[in-house]
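Colleague: Once you've had a glance at the structure underneath, I'll fire off some questions.
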Amino acid sequence: MTATSDIAVTVRSLGKSYKIDHLGLAEPPVEAAEGGSRRRWPWQGKGPRQRMSSEIFWALRDVDFEVPRGKVFGVIGRNGAGKSTLLKILSRITEPTTGMAEIRGRVGSLLEVGTGFHPELSGRENIYLNGTLLGMRRRQIDRVFDAIVDFAEVHRFIDTPVKRYSSGMYVRLAFAVAAHLEPDILIIDEVLAVGDIQFQKKCLGKMKDVTGKGRTVLFVSHSLSTVNSLCDTCMLLENGRVTLIGPTDKVTSKYFTSNQQSVGPYLDLSSEPPGDEHCRFFGARLVDRAGITQTFAYLDQEIGIEMSYELLKESSIPIIPNIHFLIGGNYAFVACPASLPTLSLGRHRATVWIPSRLLNEGTYSVNFAATTISPLRIHFHEQDSFAFQVIEDLHDESRNGYLHKMPGAVRPQLVWDFE
Amino acid sequence: MSVTRIQPRRRYSFFEWKEIVEYRDLLYFLALRDIKLRYKQTSLGAVWVILQPLVPAVIFAVLFGNFARLPSNGQPYLLMVFTGLIPWGLFSNSIGRAGTSLVANSGLLSKIYFPRLIIPLASMGSVVVDGLVSLGVLVVLLALFGIGLGWHLLAAPFFLLAAFLMGLGLTLIVASLNVYHRDFGYAVPFALQAWNYLTPIVYSTALIPERWQFLYSLNPTVGLIEGFRWSVLGGVPINVTMMASMMSGLVASLAIGMAVFQRIERGFADIV
């Protein structure tokens, strides 16, 4: 084996630009006053001329990276950082403007599950159509057909039009086809963000299977925890350029800290509260016991996170507020109340109290959600828009004079016995 | 191991026919989808395929043949119209149905890669199937009218293929331009209607005055219709002008269609 055959994907100074047209009004037409009309076509009117000005926008620029065979390579970045553009180029949906990419092996690309599914066609027909769309041959599909049906758990309905499927069945079938694609290189975008939690777990398991068989995976996701648990190497894109390539934990924490700059311990969404017809989220703040808004949390003090939300509909099933705490992109814990009082319709404030000396110093990012358990329904899930910093006095007794950063997600002060 | 190189393409490059062959199963299933969806939830189903060319043929035969008594070269008027409708259907239905296929399948184009030519080709699949059914109906009609077939029948596939390919060429042009300007989707039915009148489908070329005959024969579809009609019913074979304009129309539409399509296809995903 030569050195190059160990590299599955090579990307060299790849770039993609779009021309954006701005429709603007030009200055009043001077020519008209001078007697000469500059109208190009009779139907173009005589009023102030509309002029198109255009601008070149680079969605992706000077991207270089390599993915070794058998590795899982993650791509992270904010919305609009160029992740999707990169995937579209590598899946050959769109052409690059500059540079080149070389992919060694059969490519399977999944920018969406269930592409080409038609509601009027049966499960069987859709498996064949979707499979061939993904680049499979008919005989290959014949071979894995039973496995697909097994995986999707749709045996009884395989000859029913998929428009009669529940949304869960639909997604399972769609993912099942994709999961049996067996390419050398798999390009995936956010497909795990589908289905219920159980099915997501199954998909994650299948993905791990795939990578275990020496396949190369290029994975784009917003979910830092998924990236953390799946990817060996990661690339951070910012404004179309590569900011960092390296071990996943390093890149995700860099992404995390660069994301922190714009979010703080205060969130006001009252102008446009996210949510559904049952429940809407208005905002959150960091508070102390006196209910005063805080800028920082202190290691040796209780930390209060207050979320305010509105109940809009009378319901017998309780809507449970839950608050998710992450550090470095990884889940630290989820807090939800053990019991709920009966709440009237309207605005409510729920505050969760984190005991002192539980969280470590550092930046925690907080996601807010409200959920109904059965049937499972997420009314809102506000992510990446609230974070707070836990700070401590370096002379705190728990440090015993140690002045560097104490590692870890939590810092409980535990009881020690000595004999 | 297959190596895929991705880089900006040259302005004009050749079609990758090999890829289309690789994706032939997709072509099959997409065409099958279109055919199935066309007649799903109809109670008569395939009967419509038979009625679609037959009903207009009967109407025209009664109107023009029985009432207006237009010339039909001594053949039954119904058969004359029907033999005209088969190649015309191949040609014009392709443009009509497949011309909007890229726009209609924009969801696929922006999410997954496959040779783009598959989409219009698959949409033409249902047109071909309709054509085959019509041929079956023609066989029945020939038997009913007691018309014998001659050696010239051997030329029939050639004219049908020509109709298909000319239709393909124009389909590619219309489908590509439609992505950029939806106006084509609206204009094409009118254009086809006008073209229909300029082609000897519901009437015979003999109706055209002598001094206009040459100009009339420059219409490439005249040769398609008269050629197929002659190969089935016999009578006057097509002349050199008709043949020449048909062949040049065929080559030109295919060449321009391919050039336009492959020039424009790489931008599809950025636009649709």
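For the structure tokens, the naming scheme is as follows: chains receive sequential letters (A, B, ...) according to their order of presentation, residues are indexed from 1 within each chain, and ligands are indexed from 1 in presentation order.
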For region 31-41 of chain B, find every residue with an atom within 6 Å (counting only C-alpha atoms), except residues of its own chain fewer than 5 positions away, and show them as a PDB file with N, CA and C atoms, in the first residue's frame.
Modeller:
```
ATOM      1  N   ALA B 122     -36.073   9.752 -17.591  1.00  0.00           N
ATOM      2  CA  ALA B 122     -37.078   8.959 -16.879  1.00  0.00           C
ATOM      3  C   ALA B 122     -38.479   9.493 -17.149  1.00  0.00           C
ATOM      4  N   GLY B 125     -39.940   8.161 -20.100  1.00  0.00           N
ATOM      5  CA  GLY B 125     -40.309   6.749 -20.034  1.00  0.00           C
ATOM      6  C   GLY B 125     -41.802   6.547 -20.191  1.00  0.00           C
ATOM      7  N   SER B 126     -42.602   7.380 -19.502  1.00  0.00           N
ATOM      8  CA  SER B 126     -44.049   7.195 -19.576  1.00  0.00           C
ATOM      9  C   SER B 126     -44.553   7.529 -20.980  1.00  0.00           C
TER      10      SER B 126
END
```
Colleague: Mind running chain A against chain B at 10 Å and telling me each contacting residue's nearest atom pair with the distance in Å (one decimal), counting only C-alpha atoms, chain and number ascending, as a tab-separated table?
Modeller:
```
residue	atom	partner	partner_atom	distance
A:Ser5	CA	B:Met1	CA	9.3
A:Ala8	CA	B:Val3	CA	9.4
A:Val9	CA	B:Thr4	CA	9.6
A:Thr10	CA	B:Arg5	CA	9.6
A:Val11	CA	B:Ile6	CA	9.2
A:Arg12	CA	B:Gln7	CA	9.9
A:Leu14	CA	B:Gln7	CA	8.5
A:Gly15	CA	B:Gln7	CA	9.9
A:Lys16	CA	B:Pro8	CA	9.8
A:Tyr18	CA	B:Asp270	CA	8.6
A:Lys88	CA	B:Lys111	CA	7.9
A:Ile89	CA	B:Ile6	CA	7.8
A:Leu90	CA	B:Ile6	CA	7.4
A:Ser91	CA	B:Tyr113	CA	6.4
A:Arg92	CA	B:Tyr113	CA	5.8
A:Ile93	CA	B:Tyr113	CA	5.1
A:Thr94	CA	B:Ala269	CA	5.9
A:Glu95	CA	B:Pro8	CA	6.1
A:Pro96	CA	B:Pro8	CA	5.6
A:Thr97	CA	B:Pro8	CA	5.7
A:Thr98	CA	B:Pro8	CA	6.4
A:Gly99	CA	B:Gln7	CA	6.2
A:Met100	CA	B:Gln7	CA	4.5
A:Ala101	CA	B:Ile6	CA	5.0
A:Glu102	CA	B:Arg5	CA	4.6
A:Ile103	CA	B:Thr4	CA	5.0
A:Arg104	CA	B:Val3	CA	4.5
A:Gly105	CA	B:Ser2	CA	5.1
A:Arg106	CA	B:Ser2	CA	6.4
A:Val107	CA	B:Thr4	CA	8.7
A:Gly108	CA	B:Ile112	CA	9.6
A:Ser109	CA	B:Ile112	CA	7.2
A:Leu110	CA	B:Ile112	CA	7.6
A:Leu111	CA	B:Lys111	CA	6.0
A:Glu112	CA	B:Lys111	CA	6.9
A:Val113	CA	B:Lys111	CA	9.6
A:Thr115	CA	B:Leu108	CA	6.4
A:Gly116	CA	B:Leu108	CA	6.1
A:Phe117	CA	B:Leu108	CA	9.8
A:His118	CA	B:Arg33	CA	8.6
A:Glu120	CA	B:Leu37	CA	7.4
A:Leu121	CA	B:Arg33	CA	7.8
A:Glu125	CA	B:Arg33	CA	8.3
A:Asn126	CA	B:Arg33	CA	9.2
A:Tyr128	CA	B:Phe29	CA	7.2
A:Leu129	CA	B:Phe29	CA	5.6
A:Asn130	CA	B:Leu26	CA	8.7
A:Gly131	CA	B:Leu26	CA	8.4
A:Thr132	CA	B:Leu26	CA	4.9
A:Leu133	CA	B:Leu26	CA	6.0
A:Leu134	CA	B:Ile112	CA	7.4
A:Gly135	CA	B:Tyr23	CA	7.1
A:Met136	CA	B:Tyr23	CA	8.4
A:Arg137	CA	B:Asp25	CA	6.3
A:Arg138	CA	B:Asp25	CA	6.2
A:Arg139	CA	B:Asp25	CA	9.4
A:Asp184	CA	B:Met1	CA	9.7
```
Colleague: Using only C-alpha atoms, which residues of region 98-195 of chain B come within 12 Å of region 218-232 of chain B, and what is the closest atom pair for each, with the distance in Å to one decimal? Give it as a Markdown table, sorted by chain and residue number.
Modeller:
```
| residue | atom | partner | partner_atom | distance |
| --- | --- | --- | --- | --- |
| B:Leu135 | CA | B:Val232 | CA | 10.8 |
| B:Leu138 | CA | B:Val232 | CA | 9.6 |
| B:Val139 | CA | B:Val232 | CA | 10.0 |
| B:Leu141 | CA | B:Val232 | CA | 11.8 |
| B:Leu142 | CA | B:Val232 | CA | 9.2 |
| B:Ile147 | CA | B:Val232 | CA | 9.3 |
| B:Gly148 | CA | B:Val232 | CA | 9.0 |
| B:Leu149 | CA | B:Val232 | CA | 6.5 |
| B:Gly150 | CA | B:Val232 | CA | 7.6 |
| B:Trp151 | CA | B:Ser231 | CA | 8.1 |
| B:His152 | CA | B:Ser231 | CA | 4.7 |
| B:Leu153 | CA | B:Ser231 | CA | 4.6 |
| B:Leu154 | CA | B:Ser231 | CA | 7.1 |
| B:Ala155 | CA | B:Ser231 | CA | 5.7 |
| B:Ala156 | CA | B:Ser231 | CA | 5.4 |
| B:Pro157 | CA | B:Phe228 | CA | 8.3 |
| B:Phe158 | CA | B:Phe228 | CA | 8.4 |
| B:Phe159 | CA | B:Phe228 | CA | 5.6 |
| B:Leu160 | CA | B:Phe228 | CA | 7.2 |
| B:Leu161 | CA | B:Leu224 | CA | 9.6 |
| B:Ala162 | CA | B:Leu224 | CA | 7.1 |
| B:Ala163 | CA | B:Leu224 | CA | 6.3 |
| B:Phe164 | CA | B:Leu224 | CA | 10.1 |
| B:Leu165 | CA | B:Leu224 | CA | 11.1 |
| B:Met166 | CA | B:Thr221 | CA | 8.8 |
| B:Gly167 | CA | B:Thr221 | CA | 10.1 |
| B:Leu192 | CA | B:Thr221 | CA | 11.4 |
| B:Trp195 | CA | B:Thr221 | CA | 8.7 |
```
Colleague: Taking the DSSP secondary structure from the backbone, can you list the residues of region 75-215 of chain B that are alpha helix (DSSP H), as a ChimeraX atom specification?
Modeller: /B:77-98,101-104,106-109,118-145,156-180,183-197,213-215
Colleague: List every residue of region 53-268 of chain A that DSSP, applied to the backbone of this structure, places in strand (DSSP E or B), and write the result as a PyMOL selection string.
Modeller: chain A and resi 53-68+72-77+98-104+107-110+122+161+185-189+216-220+233-238+241-247+266-268
Colleague: Emit the selected residues as a PDB file, in the first residue's frame, including C-alpha atoms.
Modeller:
```
ATOM      1  CA  SER A  53     -25.611  45.508  -8.294  1.00  0.00           C
ATOM      2  CA  SER A  54     -23.939  42.254  -7.507  1.00  0.00           C
ATOM      3  CA  GLU A  55     -21.412  41.108  -5.025  1.00  0.00           C
ATOM      4  CA  ILE A  56     -19.300  37.989  -4.805  1.00  0.00           C
ATOM      5  CA  PHE A  57     -19.847  36.011  -1.642  1.00  0.00           C
ATOM      6  CA  TRP A  58     -17.468  33.228  -0.685  1.00  0.00           C
ATOM      7  CA  ALA A  59     -19.393  30.515   1.101  1.00  0.00           C
ATOM      8  CA  LEU A  60     -16.218  28.489   1.338  1.00  0.00           C
ATOM      9  CA  ARG A  61     -12.638  29.558   0.847  1.00  0.00           C
ATOM     10  CA  ASP A  62      -9.209  27.922   0.854  1.00  0.00           C
ATOM     11  CA  VAL A  63     -10.317  24.770   2.583  1.00  0.00           C
ATOM     12  CA  ASP A  64      -7.604  22.129   2.933  1.00  0.00           C
ATOM     13  CA  PHE A  65      -7.849  18.864   4.781  1.00  0.00           C
ATOM     14  CA  GLU A  66      -7.325  15.140   4.529  1.00  0.00           C
ATOM     15  CA  VAL A  67      -9.304  12.278   5.962  1.00  0.00           C
ATOM     16  CA  PRO A  68      -7.363   9.055   6.571  1.00  0.00           C
ATOM     17  CA  VAL A  72     -14.534   9.521  11.380  1.00  0.00           C
ATOM     18  CA  PHE A  73     -14.031  13.145  10.508  1.00  0.00           C
ATOM     19  CA  GLY A  74     -16.355  15.730  12.001  1.00  0.00           C
ATOM     20  CA  VAL A  75     -17.131  19.158  10.622  1.00  0.00           C
ATOM     21  CA  ILE A  76     -18.553  21.716  13.009  1.00  0.00           C
ATOM     22  CA  GLY A  77     -19.353  25.386  12.796  1.00  0.00           C
ATOM     23  CA  THR A  98     -11.765  26.883  -7.064  1.00  0.00           C
ATOM     24  CA  GLY A  99      -9.548  24.068  -5.869  1.00  0.00           C
ATOM     25  CA  MET A 100     -10.170  20.365  -5.962  1.00  0.00           C
ATOM     26  CA  ALA A 101     -11.197  17.382  -3.928  1.00  0.00           C
ATOM     27  CA  GLU A 102     -10.301  13.771  -4.474  1.00  0.00           C
ATOM     28  CA  ILE A 103     -12.318  10.948  -2.984  1.00  0.00           C
ATOM     29  CA  ARG A 104     -10.925   7.429  -3.134  1.00  0.00           C
ATOM     30  CA  VAL A 107     -19.166   7.513  -1.900  1.00  0.00           C
ATOM     31  CA  GLY A 108     -22.511   7.424  -0.204  1.00  0.00           C
ATOM     32  CA  SER A 109     -23.889  10.768   0.714  1.00  0.00           C
ATOM     33  CA  LEU A 110     -26.775  11.468   3.009  1.00  0.00           C
ATOM     34  CA  SER A 122     -45.444   1.589  -1.179  1.00  0.00           C
ATOM     35  CA  PRO A 161     -48.270   3.471   0.492  1.00  0.00           C
ATOM     36  CA  ILE A 185     -16.927   6.691   2.341  1.00  0.00           C
ATOM     37  CA  LEU A 186     -20.058   7.986   3.986  1.00  0.00           C
ATOM     38  CA  ILE A 187     -20.923  11.669   3.959  1.00  0.00           C
ATOM     39  CA  ILE A 188     -23.573  12.541   6.524  1.00  0.00           C
ATOM     40  CA  ASP A 189     -25.383  15.731   7.439  1.00  0.00           C
ATOM     41  CA  THR A 216     -14.524   6.503   6.369  1.00  0.00           C
ATOM     42  CA  VAL A 217     -17.150   8.893   7.591  1.00  0.00           C
ATOM     43  CA  LEU A 218     -17.453  12.609   7.072  1.00  0.00           C
ATOM     44  CA  PHE A 219     -19.910  13.893   9.582  1.00  0.00           C
ATOM     45  CA  VAL A 220     -21.487  17.308   9.930  1.00  0.00           C
ATOM     46  CA  THR A 233     -10.731  14.256  14.167  1.00  0.00           C
ATOM     47  CA  CYS A 234     -12.663  17.425  13.752  1.00  0.00           C
ATOM     48  CA  MET A 235     -12.576  20.552  11.672  1.00  0.00           C
ATOM     49  CA  LEU A 236     -13.978  23.897  12.726  1.00  0.00           C
ATOM     50  CA  LEU A 237     -15.316  26.151   9.985  1.00  0.00           C
ATOM     51  CA  GLU A 238     -15.907  29.851  10.539  1.00  0.00           C
ATOM     52  CA  ARG A 241     -12.666  29.198   6.314  1.00  0.00           C
ATOM     53  CA  VAL A 242     -10.984  26.498   8.333  1.00  0.00           C
ATOM     54  CA  THR A 243     -10.177  27.743  11.825  1.00  0.00           C
ATOM     55  CA  LEU A 244      -8.863  24.571  13.365  1.00  0.00           C
ATOM     56  CA  ILE A 245      -8.318  20.901  12.539  1.00  0.00           C
ATOM     57  CA  GLY A 246      -7.347  18.500  15.281  1.00  0.00           C
ATOM     58  CA  PRO A 247      -8.456  16.007  17.893  1.00  0.00           C
ATOM     59  CA  TYR A 266     -29.207  36.550  30.494  1.00  0.00           C
ATOM     60  CA  LEU A 267     -31.719  35.765  27.789  1.00  0.00           C
ATOM     61  CA  ASP A 268     -34.756  37.766  26.788  1.00  0.00           C
TER      62      ASP A 268
END
```
Colleague: Measuring between only C-alpha atoms, which one of A:Phe333, A:Arg164, A:Arg377, A:Arg124 shows the shortest distance to Asp146 (chain A)?
Modeller: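 Nearest candidate to Asp146 (chain A) out of A:Phe333, A:Arg164, A:Arg377, A:Arg124: A:Arg124.
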Colleague: Can you measure CA of Ile119 (chain B) to CA of Ser94 (chain B) for me? One decimal in Å is fine.
Modeller: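 These two atoms are separated by 12.1 Å.
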Colleague: Using only C-alpha atoms, which residue out of B:Pro200, B:Gly257, B:Gly169, B:Gly249 lies closest to Pro71 (chain B)?
Modeller: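 Once distances to Pro71 (chain B) are computed over only C-alpha atoms, the minimum belongs to B:Pro200.
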